[in-house]
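Peer 1: Please find entry_17.txt (compact mmCIF, C-alpha atoms and all ligand atoms) on the next line:
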# COMPACT_ATOMS: atom_id res chain seq x y z
CA MET A 127 -1.93 -20.10 9.03
CA ASN A 128 -0.12 -23.32 9.90
CA GLN A 129 3.58 -22.66 9.94
CA LYS A 130 5.85 -25.52 11.07
CA TRP A 131 8.78 -23.99 12.96
CA GLN A 132 12.24 -25.52 13.04
CA ALA A 133 13.40 -23.84 16.24
CA GLU A 134 17.13 -24.61 15.91
CA GLU A 135 17.44 -23.57 12.25
CA TYR A 136 15.42 -20.42 12.91
CA THR A 137 17.65 -19.44 15.82
CA LYS A 138 20.87 -20.09 13.89
CA GLY A 139 20.01 -18.71 10.46
CA PHE A 140 17.36 -16.06 11.07
CA SER A 141 18.54 -14.27 14.20
CA PHE A 142 17.80 -10.95 12.47
CA VAL A 143 14.10 -11.50 13.24
CA TYR A 144 14.60 -11.05 16.97
CA GLN A 145 17.66 -8.80 16.70
CA TYR A 146 15.65 -6.19 14.81
CA GLY A 147 12.96 -6.65 17.44
CA GLU A 148 15.25 -5.04 20.00
CA ASN A 149 14.61 -1.63 18.38
CA ILE A 150 10.95 -1.85 19.31
CA LEU A 151 11.59 -2.39 23.01
CA SER A 152 12.29 1.32 23.47
CA LEU A 153 8.62 2.06 22.70
CA ILE A 154 7.55 0.41 25.93
CA ASP A 155 6.95 3.17 28.41
CA LEU A 156 6.47 1.49 31.80
CA PRO A 157 8.09 1.43 35.24
CA LYS A 158 10.30 -1.48 36.24
CA GLY A 159 8.36 -4.38 37.74
CA SER A 160 5.47 -3.96 35.27
CA PHE A 161 4.08 -7.17 33.80
CA CYS A 162 4.95 -7.60 30.14
CA LEU A 163 3.68 -10.39 27.90
CA ASP A 164 5.84 -11.41 24.94
CA LEU A 165 3.23 -12.70 22.51
CA GLY A 166 4.71 -15.03 19.90
CA CYS A 167 7.94 -15.20 21.88
CA GLY A 168 9.62 -17.70 19.52
CA ASN A 169 12.97 -18.77 20.96
CA GLY A 170 12.60 -16.42 23.96
CA ALA A 171 15.48 -14.08 23.09
CA LEU A 172 13.30 -10.95 23.31
CA THR A 173 11.52 -12.22 26.42
CA ARG A 174 14.96 -12.23 28.03
CA ARG A 175 15.61 -8.68 26.80
CA LEU A 176 12.31 -7.55 28.31
CA GLN A 177 13.28 -9.11 31.61
CA GLU A 178 16.68 -7.39 31.43
CA GLN A 179 14.81 -4.08 31.15
CA GLY A 180 13.30 -4.81 34.56
CA TYR A 181 9.88 -6.18 33.61
CA ARG A 182 8.16 -9.27 34.95
CA VAL A 183 7.69 -11.40 31.85
CA LEU A 184 5.74 -14.28 30.38
CA GLY A 185 6.34 -15.70 26.89
CA LEU A 186 3.53 -17.29 24.87
CA ASP A 187 3.89 -18.99 21.51
CA ALA A 188 1.67 -21.16 19.32
CA SER A 189 4.56 -23.48 18.50
CA GLY A 190 5.34 -26.21 21.02
CA GLU A 191 8.80 -26.58 19.47
CA MET A 192 9.58 -22.90 20.01
CA VAL A 193 8.25 -22.98 23.58
CA SER A 194 10.48 -25.99 24.37
CA LYS A 195 13.51 -24.23 22.91
CA ALA A 196 12.78 -21.02 24.84
CA ALA A 197 12.28 -22.95 28.10
CA ALA A 198 15.55 -24.86 27.57
CA ASP A 199 17.55 -21.71 26.75
CA TYR A 200 16.04 -19.52 29.50
CA PRO A 201 15.04 -21.90 32.32
CA ASP A 202 14.47 -19.04 34.77
CA LEU A 203 11.68 -17.56 32.61
CA THR A 204 8.14 -18.84 32.09
CA PHE A 205 6.91 -19.85 28.64
CA ARG A 206 3.63 -21.41 27.61
CA GLN A 207 2.06 -22.67 24.43
CA ALA A 208 -1.05 -20.66 23.56
CA ASP A 209 -3.16 -19.33 20.71
CA ALA A 210 -2.91 -15.53 20.35
CA ARG A 211 -6.61 -15.28 19.47
CA THR A 212 -7.93 -17.09 22.54
CA PHE A 213 -5.41 -17.03 25.44
CA LEU A 214 -6.56 -15.62 28.77
CA LEU A 215 -4.02 -14.39 31.33
CA GLU A 216 -4.54 -14.84 35.05
CA GLU A 217 -3.09 -11.36 35.59
CA ALA A 218 -3.97 -8.62 33.09
CA ALA A 219 -0.81 -7.32 31.40
CA ASP A 220 0.63 -3.81 31.64
CA CYS A 221 2.07 -4.35 28.19
CA ILE A 222 1.64 -6.83 25.36
CA PHE A 223 4.73 -6.86 23.19
CA SER A 224 4.78 -8.74 19.90
CA ASN A 225 7.43 -8.91 17.20
CA ALA A 226 7.04 -10.55 13.75
CA VAL A 227 3.91 -12.49 14.70
CA PHE A 228 0.65 -10.90 13.57
CA HIS A 229 1.33 -11.46 9.85
CA TRP A 230 1.05 -15.22 10.49
CA ILE A 231 -2.56 -14.83 11.64
CA ASP A 232 -5.24 -14.92 8.95
CA GLU A 233 -6.90 -11.62 8.07
CA ALA A 234 -10.30 -13.06 9.03
CA ASP A 235 -8.97 -13.67 12.56
CA GLN A 236 -7.44 -10.22 13.07
CA PRO A 237 -10.53 -8.67 14.75
CA ALA A 238 -10.62 -11.58 17.24
CA LEU A 239 -6.89 -11.14 17.85
CA ALA A 240 -7.28 -7.39 18.53
CA GLN A 241 -10.20 -8.02 20.88
CA ASN A 242 -8.21 -10.66 22.74
CA LEU A 243 -5.24 -8.33 23.16
CA TYR A 244 -7.60 -5.71 24.54
CA ARG A 245 -9.19 -8.05 27.08
CA ASN A 246 -5.78 -9.24 28.35
CA LEU A 247 -4.50 -5.71 29.05
CA ARG A 248 -5.33 -3.75 32.15
CA PRO A 249 -7.05 -0.41 31.51
CA GLY A 250 -4.25 1.96 30.48
CA GLY A 251 -2.11 -0.99 29.35
CA GLN A 252 -0.02 -0.78 26.18
CA LEU A 253 0.22 -2.80 23.02
CA VAL A 254 3.63 -2.50 21.31
CA CYS A 255 3.93 -4.52 18.13
CA GLU A 256 5.74 -4.84 14.83
CA PHE A 257 5.04 -7.12 11.90
CA GLY A 258 4.97 -7.21 8.11
CA GLY A 259 3.21 -4.21 6.54
CA LYS A 260 1.71 -3.58 3.12
CA GLY A 261 4.13 -4.67 0.38
CA ASN A 262 6.26 -6.79 2.71
CA THR A 263 8.61 -9.11 0.78
CA GLY A 264 6.50 -8.22 -2.25
CA ALA A 265 9.16 -8.97 -4.88
CA ILE A 266 10.10 -12.33 -3.32
CA LEU A 267 6.55 -13.58 -2.87
CA ALA A 268 5.41 -12.34 -6.29
CA GLU A 269 8.26 -14.22 -7.93
CA LEU A 270 7.57 -17.35 -5.90
CA GLY A 271 3.98 -17.07 -7.13
CA ARG A 272 5.16 -16.78 -10.75
CA GLN A 273 7.44 -19.79 -10.40
CA LEU A 274 4.64 -21.90 -8.91
CA ALA A 275 2.23 -20.72 -11.60
CA GLY A 276 4.84 -21.74 -14.20
CA GLN A 277 4.58 -25.25 -12.78
CA GLY A 278 0.79 -25.18 -12.95
CA MET A 279 0.20 -24.36 -9.30
CA GLU A 280 -1.93 -21.56 -7.99
CA TYR A 281 -0.33 -19.52 -5.26
CA ARG A 282 -2.07 -17.11 -2.92
CA HIS A 283 -0.05 -16.10 0.07
CA GLY A 284 -2.00 -16.14 3.31
CA PHE A 285 0.08 -13.56 5.14
CA TYR A 286 -1.57 -10.50 6.66
CA PHE A 287 0.43 -7.46 5.52
CA PRO A 288 -1.95 -4.54 6.09
CA SER A 289 -1.61 -0.82 5.42
CA LEU A 290 -1.08 1.40 8.44
CA GLY A 291 -4.58 2.87 8.11
CA HIS A 292 -6.22 -0.52 7.90
CA HIS A 293 -4.59 -1.94 10.98
CA ALA A 294 -4.91 1.24 13.05
CA ALA A 295 -8.66 1.28 12.30
CA LEU A 296 -8.94 -2.37 13.30
CA LEU A 297 -7.27 -1.67 16.65
CA GLU A 298 -9.53 1.33 17.22
CA GLU A 299 -12.54 -0.83 16.47
CA ALA A 300 -11.41 -3.15 19.29
CA GLY A 301 -11.20 -0.19 21.70
CA PHE A 302 -7.54 0.85 21.44
CA SER A 303 -6.19 4.38 21.01
CA VAL A 304 -3.34 4.25 18.53
CA ARG A 305 -0.64 6.59 19.86
CA GLN A 306 2.17 6.07 17.34
CA ALA A 307 2.46 4.13 14.08
CA TRP A 308 5.00 3.77 11.29
CA LEU A 309 5.14 1.89 8.00
CA PHE A 310 8.72 1.72 6.71
CA ARG A 311 10.95 -0.21 4.36
CA ARG A 312 13.59 -2.28 6.06
CA PRO A 313 15.83 -3.99 3.48
CA THR A 314 17.16 -6.99 5.37
CA PRO A 315 20.46 -8.73 4.52
CA LEU A 316 20.06 -12.49 4.67
CA ALA A 317 22.71 -14.81 6.09
CA GLY A 318 24.17 -17.64 4.03
CA GLY A 319 25.66 -15.87 0.97
CA GLU A 320 24.36 -17.42 -2.26
CA GLU A 321 22.10 -19.75 -0.31
CA GLY A 322 20.42 -16.92 1.61
CA LEU A 323 17.35 -16.44 -0.58
CA ARG A 324 16.54 -20.12 -0.97
CA ASN A 325 17.03 -20.69 2.76
CA TRP A 326 14.61 -17.85 3.46
CA VAL A 327 12.02 -19.30 1.07
CA ARG A 328 12.35 -22.74 2.67
CA MET A 329 11.94 -21.29 6.18
CA PHE A 330 9.15 -18.78 5.57
CA ALA A 331 7.30 -20.10 2.53
CA GLY A 332 8.27 -23.75 2.84
CA GLU A 333 4.70 -24.95 2.86
CA GLN A 334 4.08 -23.44 -0.58
CA LEU A 335 7.38 -24.62 -1.99
CA GLY A 336 6.86 -28.08 -0.51
CA ARG A 337 3.85 -28.61 -2.74
CA LEU A 338 6.35 -29.21 -5.58
CA GLU A 339 8.44 -32.34 -5.98
CA PRO A 340 12.10 -31.86 -4.94
CA ALA A 341 13.45 -31.47 -8.49
CA ARG A 342 10.79 -28.88 -9.27
CA GLN A 343 11.49 -27.05 -6.03
CA GLU A 344 15.09 -26.70 -7.14
CA GLN A 345 13.92 -25.39 -10.52
CA ALA A 346 11.63 -22.83 -8.85
CA LEU A 347 14.36 -21.64 -6.48
CA ALA A 348 16.90 -21.29 -9.28
CA GLY A 349 14.27 -19.41 -11.32
CA MET A 350 13.64 -17.03 -8.43
CA GLU A 351 17.33 -16.36 -7.99
CA ALA A 352 17.79 -15.60 -11.68
CA VAL A 353 14.89 -13.11 -11.79
CA LEU A 354 15.54 -11.43 -8.43
CA ARG A 355 19.33 -11.15 -8.61
CA PRO A 356 19.38 -7.71 -10.29
CA TYR A 357 17.13 -6.30 -7.54
CA LEU A 358 17.94 -8.17 -4.35
CA TRP A 359 21.54 -9.37 -4.60
CA ASP A 360 24.16 -7.09 -3.04
CA PRO A 361 27.43 -7.83 -4.87
CA GLU A 362 29.54 -5.78 -2.44
CA LYS A 363 28.38 -7.66 0.62
CA SER A 364 27.79 -10.91 -1.29
CA CYS A 365 24.37 -11.42 0.21
CA TRP A 366 20.70 -11.37 -0.69
CA VAL A 367 18.70 -8.47 0.74
CA ALA A 368 15.04 -9.21 1.42
CA ASP A 369 12.54 -6.43 0.68
CA TYR A 370 10.97 -6.26 4.13
CA VAL A 371 8.38 -3.60 5.01
CA ARG A 372 7.49 -3.22 8.69
CA LEU A 373 4.40 -1.89 10.41
CA ARG A 374 5.11 -0.74 13.97
CA LEU A 375 2.42 0.46 16.35
CA GLN A 376 2.02 1.59 19.92
CA ALA A 377 -1.59 1.60 21.17
CA VAL A 378 -3.25 1.94 24.54
CA ARG A 379 -6.31 0.34 26.08
CA GLU A 380 -8.33 3.33 27.30
CA ASP A 381 -11.36 2.73 29.48
C1 LIG B 401 8.25 -11.46 7.80
O1 LIG B 401 8.66 -11.76 8.92
O2 LIG B 401 8.21 -10.30 7.42
C2 LIG B 401 7.76 -12.51 6.86
C3 LIG B 401 7.43 -13.76 7.30
C4 LIG B 401 6.96 -14.68 6.41
C5 LIG B 401 6.85 -14.37 5.08
C6 LIG B 401 7.17 -13.13 4.64
C7 LIG B 401 7.66 -12.20 5.53
Please render this file's structure as structure tokens.
Peer 2:
Amino acid sequence: MNQKWQAEEYTKGFSFVYQYGENILSLIDLPKGSFCLDLGCGNGALTRRLQEQGYRVLGLDASGEMVSKAAADYPDLTFRQADARTFLLEEAADCIFSNAVFHWIDEADQPALAQNLYRNLRPGGQLVCEFGGKGNTGAILAELGRQLAGQGMEYRHGFYFPSLGHHAALLEEAGFSVRQAWLFRRPTPLAGGEEGLRNWVRMFAGEQLGRLEPARQEQALAGMEAVLRPYLWDPEKSCWVADYVRLRLQAVRED
């Protein structure tokens, strides 16, 4: 999937993505000084948190813009641009940590991704990851699809949101032992008040929306807001609440 990241806007408006990621750090079960890769490090905020926990860290991301932002914000840490399916570390990792990344990688590439994670871990090394699970943002994406269809455009989202069983089996196929796994709903308040939903669509499904002319984009966004308001608008907090579902796994390379 080819997502164009706007590193500044992402950092300002969508900080929940890496803030929620902090909860996953506690699943890493390693002594201080262990080598931890932050795969899909984005703006580097979680790479910093990993370092604060006492790990030696490296951040990799497919987006050059994100890598530049991370390197500017955390000049004492190392970040590199790399493809999750093909990177090769000089030192095998004790842990590969990844938050909110795997759903951007096409389903057809998931076996190659799992195999590449395996080969970059030392025997006994851990994979700790979280990403969108089955049903993730289902109401939002279904309505976006209906709005696009209403304007004569076919929409098929390319995100990988697997069931727990599907992804656990895929990791096992690559040689991992899955130790712990959860699929859970995580309703997520969006920043920006009334603008929150449309900002989210522009950031995370902007490529689809951008296929419409500006006036039609506005029509589609207004249509989405009208249909989704009864389900996803929180009148007490005056914010939109996205229907996130997360898949969280801890797996070990055993050999
Ligand atoms: C997510 O982070 O869960 C997500 C990203 C893009 C589209 C939908 C959901």
Peer 1: Record the distance separating atom CA of A:Ala368 and atom CA of A:Ala171, expressed in Å with one decimal.
Peer 2: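 Going from atom CA of A:Ala368 over to atom CA of A:Ala171, I get 22.2 Å.
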Peer 1: Hey, what's within 10 Å of A:Glu134 if we count all atoms listed in the file and toss same-chain stuff fewer than 5 positions away? As a PyMOL selection string, please?
Peer 2: chain A and resi 139-140+169+191-192+195
Peer 1: Can you tell me which residues come within 6 Å of ligand LIG 401 (chain B) when counting all atoms listed in the file, ideally as a PyMOL selection string?
Peer 2: chain A and resi 226+258+263+330+370
Peer 1: Check which residues of stretch 158-254 of chain A sit at most 10 Å from stretch 293-298 of chain A using all atoms listed in the file, and return one row each with the closest pair of atoms and their distance in Å to one decimal, ordered by chain and rising number, as a tab-separated table.
Peer 2:
residue	atom	partner	partner_atom	distance
A:Gln236	CA	A:Leu296	CA	8.0
A:Pro237	CA	A:Leu296	CA	6.7
A:Leu239	CA	A:Leu297	CA	9.6
A:Ala240	CA	A:Leu297	CA	6.0
A:Gln241	CA	A:Leu297	CA	8.2
A:Leu243	CA	A:Leu297	CA	9.5
A:Tyr244	CA	A:Leu297	CA	8.9
A:Leu253	CA	A:Leu297	CA	9.9
Peer 1: Tell me, in Å to one decimal, how far atom CA of A:Ala346 is from atom CA of A:Pro288.
Peer 2: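 For atom CA of A:Ala346 relative to atom CA of A:Pro288, the distance reads 27.2 Å.
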Peer 1: Fewer than 3 positions away in the same chain doesn't count, so skip those; otherwise give me all residues within 8 Å of A:Trp366, counting all atoms listed in the file, as a list in words.
Peer 2: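 Surrounding residues, per the criterion: Pro315, Leu316, Ala317, Gly319, Glu320, Gly322, Leu323, Leu358, Trp359 and Asp360 of chain A.
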Peer 1: Could you state the separation of atom CA of A:Gly190 and atom CA of A:Phe161 in Å, given to one decimal place?
Peer 2: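 Atom CA of A:Gly190 sits 23.0 Å away from atom CA of A:Phe161.
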Peer 1: May I have the residues within 7 Å of A:Leu165 as a ChimeraX atom specification, using only C-alpha atoms and disregarding those fewer than 3 positions away in the same chain?
Peer 2: /A:185-187,222-224
Peer 1: Pick out the closest residue to A:Gln277 from this set: A:Val254, A:Leu338, A:Leu176, A:Ala218. Count all atoms listed in the file.
Peer 2: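 Distance minimum relative to A:Gln277 lands on A:Leu338.
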Peer 1: Ranking A:Gly261, A:Gly170, A:Gly271, A:Pro340 by minimum distance to A:Phe287 and counting all atoms listed in the file, which one comes first?
Peer 2: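 Among the listed residues, the smallest separation from A:Phe287 belongs to A:Gly261.
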Peer 1: Just want the 9 Å neighbourhood of A:Gly264, counted on only C-alpha atoms, with same-chain residues fewer than 5 positions away dropped. Output as a ChimeraX atom specification.
Peer 2: /A:269,369-371
Peer 1: Neighbours of A:Ala348 within 12 Å (only C-alpha atoms; same-chain residues fewer than 6 positions away dropped), as a list of chain:residue names?
Peer 2: A:Glu269, A:Leu270, A:Gln273, A:Glu320, A:Glu321, A:Leu323, A:Arg324, A:Val327, A:Ala341, A:Arg342, A:Leu354, A:Arg355
Peer 1: Which of these, A:Leu347, A:Leu153, A:Cys162, A:Leu184, has the shortest distance to A:Asp220 once you count only C-alpha atoms?
Peer 2: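 Among A:Leu347, A:Leu153, A:Cys162, A:Leu184, it is A:Cys162 that comes nearest to A:Asp220.
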Peer 1: Using all atoms listed in the file for the distances, tell me which of A:Lys158, A:Arg211, A:Arg374, A:Arg175 is nearest to A:Ala234.
Peer 2: A:Arg211
Peer 1: Compare A:Gly159, A:Met329, A:Gly291, A:Glu344 by their minimum atom-to-atom distance to A:Gln132, counting all atoms listed in the file, and give me the closest one.
Peer 2: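 Nearest to A:Gln132: A:Met329.
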Peer 1: Which residue is closest to A:Lys130? Choose from A:Lys260, A:Arg328, A:His292, A:Arg248 and count only C-alpha atoms.
Peer 2: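 That would be A:Arg328, the residue with the smallest distance to A:Lys130.
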Peer 1: Once 6 Å is added on each side, what are the centre and the three edge lengths, in Å to one decimal, of the axis-aligned box enclosing the listed atoms of stretch 207-214 of chain A? Present them as AutoDock Vina command-line options.
Peer 2:
--center_x -2.9 --center_y -19.0 --center_z 24.1 --size_x 22.0 --size_y 19.4 --size_z 21.3
